[in-house]
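K.L.:
Structure file work.cif (mmCIF, C-alpha atoms) is given on the next line.
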data_start
#
loop_
_atom_site.group_PDB
_atom_site.id
_atom_site.type_symbol
_atom_site.label_atom_id
_atom_site.label_comp_id
_atom_site.auth_asym_id
_atom_site.auth_seq_id
_atom_site.Cartn_x
_atom_site.Cartn_y
_atom_site.Cartn_z
ATOM 1 C CA GLY A 1 0.000 0.000 0.000
ATOM 2 C CA GLU A 2 0.897 3.622 -0.336
ATOM 3 C CA ALA A 3 2.538 5.385 2.593
ATOM 4 C CA GLY A 4 0.319 7.958 4.248
ATOM 5 C CA VAL A 5 -2.984 6.527 3.016
ATOM 6 C CA ARG A 6 -5.701 6.959 5.649
ATOM 7 C CA PHE A 7 -9.062 5.244 6.057
ATOM 8 C CA VAL A 8 -12.157 6.073 8.097
ATOM 9 C CA MET A 9 -12.694 3.609 10.939
ATOM 10 C CA PRO A 10 -16.063 1.856 10.571
ATOM 11 C CA ASP A 11 -18.531 1.423 13.426
ATOM 12 C CA LEU A 12 -18.079 -2.167 14.618
ATOM 13 C CA ILE A 13 -20.345 -1.917 17.696
ATOM 14 C CA GLY A 14 -23.074 -4.556 17.513
ATOM 15 C CA THR A 15 -21.355 -6.666 14.859
ATOM 16 C CA PHE A 16 -19.911 -10.151 15.331
ATOM 17 C CA GLY A 17 -16.319 -9.583 16.429
ATOM 18 C CA ALA A 18 -14.758 -12.586 14.697
ATOM 19 C CA ARG A 19 -16.377 -11.695 11.372
ATOM 20 C CA SER A 20 -15.490 -7.994 11.611
ATOM 21 C CA ALA A 21 -11.884 -8.826 12.512
ATOM 22 C CA ALA A 22 -11.615 -11.266 9.589
ATOM 23 C CA VAL A 23 -12.925 -8.686 7.105
ATOM 24 C CA LEU A 24 -10.528 -6.005 8.345
ATOM 25 C CA ARG A 25 -7.547 -8.391 8.406
ATOM 26 C CA ALA A 26 -8.324 -9.473 4.831
ATOM 27 C CA ARG A 27 -7.941 -5.811 3.868
ATOM 28 C CA GLY A 28 -4.547 -5.544 5.596
ATOM 29 C CA PHE A 29 -5.467 -4.062 8.990
ATOM 30 C CA ARG A 30 -4.008 -5.229 12.319
ATOM 31 C CA VAL A 31 -6.908 -6.281 14.566
ATOM 32 C CA ALA A 32 -6.716 -7.680 18.109
ATOM 33 C CA LEU A 33 -9.457 -9.045 20.324
ATOM 34 C CA THR A 34 -8.438 -7.469 23.622
ATOM 35 C CA ALA A 35 -11.168 -8.638 26.010
ATOM 36 C CA GLU A 36 -14.354 -10.605 26.510
ATOM 37 C CA VAL A 37 -16.647 -8.726 28.875
ATOM 38 C CA PRO A 38 -19.979 -9.663 30.430
ATOM 39 C CA TYR A 39 -22.772 -7.772 28.704
ATOM 40 C CA PRO A 40 -26.274 -8.847 29.737
ATOM 41 C CA GLY A 41 -28.746 -9.228 26.912
ATOM 42 C CA LEU A 42 -26.194 -9.779 24.161
ATOM 43 C CA PRO A 43 -25.115 -13.092 22.702
ATOM 44 C CA SER A 44 -21.448 -14.022 22.950
ATOM 45 C CA GLY A 45 -19.006 -12.454 20.489
ATOM 46 C CA ILE A 46 -20.708 -9.113 19.781
ATOM 47 C CA VAL A 47 -18.445 -6.039 19.631
ATOM 48 C CA VAL A 48 -19.172 -3.751 22.596
ATOM 49 C CA ARG A 49 -16.097 -1.462 22.422
ATOM 50 C CA GLN A 50 -13.579 -0.533 19.756
ATOM 51 C CA THR A 51 -10.414 1.528 19.505
ATOM 52 C CA PRO A 52 -10.112 3.715 17.515
ATOM 53 C CA GLN A 53 -13.695 4.866 17.597
ATOM 54 C CA ALA A 54 -15.913 4.973 14.513
ATOM 55 C CA GLY A 55 -15.159 7.923 12.248
ATOM 56 C CA PHE A 56 -11.504 8.313 13.250
ATOM 57 C CA GLN A 57 -8.887 8.172 10.529
ATOM 58 C CA ILE A 58 -6.571 5.164 10.603
ATOM 59 C CA ALA A 59 -3.642 3.834 8.577
ATOM 60 C CA LEU A 60 -3.065 0.148 7.789
ATOM 61 C CA GLU A 61 -0.157 -0.095 10.235
ATOM 62 C CA GLU A 62 -2.159 1.255 13.202
ATOM 63 C CA PRO A 63 -3.657 -1.365 15.543
ATOM 64 C CA ILE A 64 -7.389 -1.851 15.973
ATOM 65 C CA SER A 65 -8.617 -3.254 19.288
ATOM 66 C CA ILE A 66 -12.051 -4.737 19.885
ATOM 67 C CA GLU A 67 -13.804 -6.018 22.996
ATOM 68 C CA VAL A 68 -16.654 -8.489 22.645
ATOM 69 C CA SER A 69 -19.458 -9.735 24.850
ATOM 70 C CA ARG A 70 -18.903 -12.961 26.772
#
What is this structure when it is put down as structure tokens?
P.N.:
Amino acid sequence: GEAGVRFVMPDLIGTFGARSAAVLRARGFRVALTAEVPYPGLPSGIVVRQTPQAGFQIALEEPISIEVSR
């Protein structure tokens, strides 16, 4: 990829974490599942927190962290 290219971070909240991570990794992003947290009312594996937040600009080499429901 080109140096300096930036992308807009999508809103992953409410999506299936494994699927979202796979899609982003397939496009060259670095994604890490950082935690599984209890979240009543949600099935397991749903994204409840992400860093960077939706709308922020991000480059391919910058890490993306997601937390999912347990």
K.L.:
What residues come out when you apply the PyMOL selection byres ((chain A and resi 16) around 10) to this file, written as a ChimeraX atom specification?
P.N.:
/A:12-15,17-21,43-48,68-69
K.L.:
Could you please determine the separation between atom CA of Glu36 of chain A and atom CA of Ile58 of chain A in Å, to one decimal place?
P.N.:
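Going from atom CA of Glu36 of chain A over to atom CA of Ile58 of chain A, I get 23.7 Å.
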K.L.:
Could you list, as a list in words, every residue matched by the PyMOL selection byres ((chain A and resi 33) around 8) in this structure?
P.N.:
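In the shown coordinates, the PyMOL selection byres ((chain A and resi 33) around 8) covers Gly17, Val31, Ala32, Thr34, Ala35, Ser65, Ile66, Glu67 and Val68 of chain A.
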K.L.:
Restricted to C-alpha atoms, what would the selected residues look like written as a compact mmCIF listing (two decimals), in the frame of the given file?
P.N.:
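Wrote part.txt, looks like this:
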# COMPACT_ATOMS: atom_id res chain seq x y z
CA GLY A 17 -16.32 -9.58 16.43
CA VAL A 31 -6.91 -6.28 14.57
CA ALA A 32 -6.72 -7.68 18.11
CA THR A 34 -8.44 -7.47 23.62
CA ALA A 35 -11.17 -8.64 26.01
CA SER A 65 -8.62 -3.25 19.29
CA ILE A 66 -12.05 -4.74 19.89
CA GLU A 67 -13.80 -6.02 23.00
CA VAL A 68 -16.65 -8.49 22.64
K.L.:
How far is it from atom CA of Glu61 of chain A to atom CA of Arg49 of chain A, in Å with one decimal?
P.N.:
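Computed distance, atom CA of Glu61 of chain A to atom CA of Arg49 of chain A, equals 20.1 Å.
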K.L.:
Rank nothing, just name the residue among A:Leu60, A:Leu42, A:Ala54, A:Met9 nearest to Gly28 of chain A, using all atoms listed in the file.
P.N.:
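Closest residue, counting all atoms listed in the file: A:Leu60.
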K.L.:
Evaluate the PyMOL selection byres ((chain A and resi 38) around 6) on the structure here and hand back the selected residues as a PyMOL selection string.
P.N.:
chain A and resi 37+39+69-70
K.L.:
Kindly give the distance, in Å, that separates atom CA of Glu62 of chain A and atom CA of Arg6 of chain A, rounded to a single decimal.
P.N.:
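According to the coordinates, atom CA of Glu62 of chain A and atom CA of Arg6 of chain A are separated by 10.1 Å.
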K.L.:
Provide an axis-aligned box for all listed atoms of segment 41-58 of chain A, padding each side by 4 Å; report its centre and its edge lengths in Å to one decimal, as AutoDock Vina command-line options.
P.N.:
--center_x -17.7 --center_y -2.9 --center_z 18.7 --size_x 30.2 --size_y 30.3 --size_z 24.4
K.L.:
May I have the residues at most 9 Å from (-16.3, 8.6, 11.5) in the file's coordinates, counting only C-alpha atoms, as a list in words?
P.N.:
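These residues have at least one counted atom within 9 Å: Val8, Met9, Pro10, Asp11, Gln53, Ala54, Gly55, Phe56 and Gln57 of chain A.
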K.L.:
With N, CA, C and O atoms as the atom set, please write segment 36-48 of chain A from the structure just given, as an mmCIF file, in the first residue's frame.
P.N.:
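Writing the result to out06.cif gives the following:
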data_model
loop_
_atom_site.group_PDB
_atom_site.id
_atom_site.type_symbol
_atom_site.label_atom_id
_atom_site.label_comp_id
_atom_site.auth_asym_id
_atom_site.auth_seq_id
_atom_site.Cartn_x
_atom_site.Cartn_y
_atom_site.Cartn_z
ATOM 1 N N GLU A 36 -12.985 -10.103 26.541
ATOM 2 C CA GLU A 36 -14.354 -10.605 26.510
ATOM 3 C C GLU A 36 -14.988 -10.134 27.810
ATOM 4 O O GLU A 36 -14.501 -10.452 28.889
ATOM 5 N N VAL A 37 -16.032 -9.329 27.695
ATOM 6 C CA VAL A 37 -16.647 -8.726 28.875
ATOM 7 C C VAL A 37 -18.099 -9.171 29.017
ATOM 8 O O VAL A 37 -18.774 -9.380 28.017
ATOM 9 N N PRO A 38 -18.573 -9.322 30.251
ATOM 10 C CA PRO A 38 -19.979 -9.663 30.430
ATOM 11 C C PRO A 38 -20.854 -8.494 29.971
ATOM 12 O O PRO A 38 -20.565 -7.336 30.285
ATOM 13 N N TYR A 39 -21.865 -8.801 29.202
ATOM 14 C CA TYR A 39 -22.772 -7.772 28.704
ATOM 15 C C TYR A 39 -24.162 -8.386 28.627
ATOM 16 O O TYR A 39 -24.521 -9.019 27.633
ATOM 17 N N PRO A 40 -24.950 -8.230 29.681
ATOM 18 C CA PRO A 40 -26.274 -8.847 29.737
ATOM 19 C C PRO A 40 -27.150 -8.465 28.537
ATOM 20 O O PRO A 40 -27.159 -7.312 28.111
ATOM 21 N N GLY A 41 -27.829 -9.463 28.013
ATOM 22 C CA GLY A 41 -28.746 -9.228 26.912
ATOM 23 C C GLY A 41 -28.150 -9.393 25.537
ATOM 24 O O GLY A 41 -28.866 -9.345 24.541
ATOM 25 N N LEU A 42 -26.831 -9.575 25.458
ATOM 26 C CA LEU A 42 -26.194 -9.779 24.161
ATOM 27 C C LEU A 42 -25.655 -11.197 24.060
ATOM 28 O O LEU A 42 -25.117 -11.720 25.031
ATOM 29 N N PRO A 43 -25.756 -11.792 22.880
ATOM 30 C CA PRO A 43 -25.115 -13.092 22.702
ATOM 31 C C PRO A 43 -23.589 -12.933 22.732
ATOM 32 O O PRO A 43 -23.063 -11.827 22.578
ATOM 33 N N SER A 44 -22.905 -14.011 22.907
ATOM 34 C CA SER A 44 -21.448 -14.022 22.950
ATOM 35 C C SER A 44 -20.856 -13.586 21.609
ATOM 36 O O SER A 44 -21.361 -13.942 20.548
ATOM 37 N N GLY A 45 -19.763 -12.805 21.688
ATOM 38 C CA GLY A 45 -19.006 -12.454 20.489
ATOM 39 C C GLY A 45 -19.390 -11.165 19.796
ATOM 40 O O GLY A 45 -18.850 -10.841 18.740
ATOM 41 N N ILE A 46 -20.284 -10.377 20.382
ATOM 42 C CA ILE A 46 -20.708 -9.113 19.781
ATOM 43 C C ILE A 46 -19.764 -7.990 20.234
ATOM 44 O O ILE A 46 -19.429 -7.877 21.411
ATOM 45 N N VAL A 47 -19.340 -7.153 19.306
ATOM 46 C CA VAL A 47 -18.445 -6.039 19.631
ATOM 47 C C VAL A 47 -19.186 -5.027 20.506
ATOM 48 O O VAL A 47 -20.270 -4.552 20.144
ATOM 49 N N VAL A 48 -18.592 -4.734 21.675
ATOM 50 C CA VAL A 48 -19.172 -3.751 22.596
ATOM 51 C C VAL A 48 -18.285 -2.508 22.753
ATOM 52 O O VAL A 48 -18.740 -1.489 23.241
#
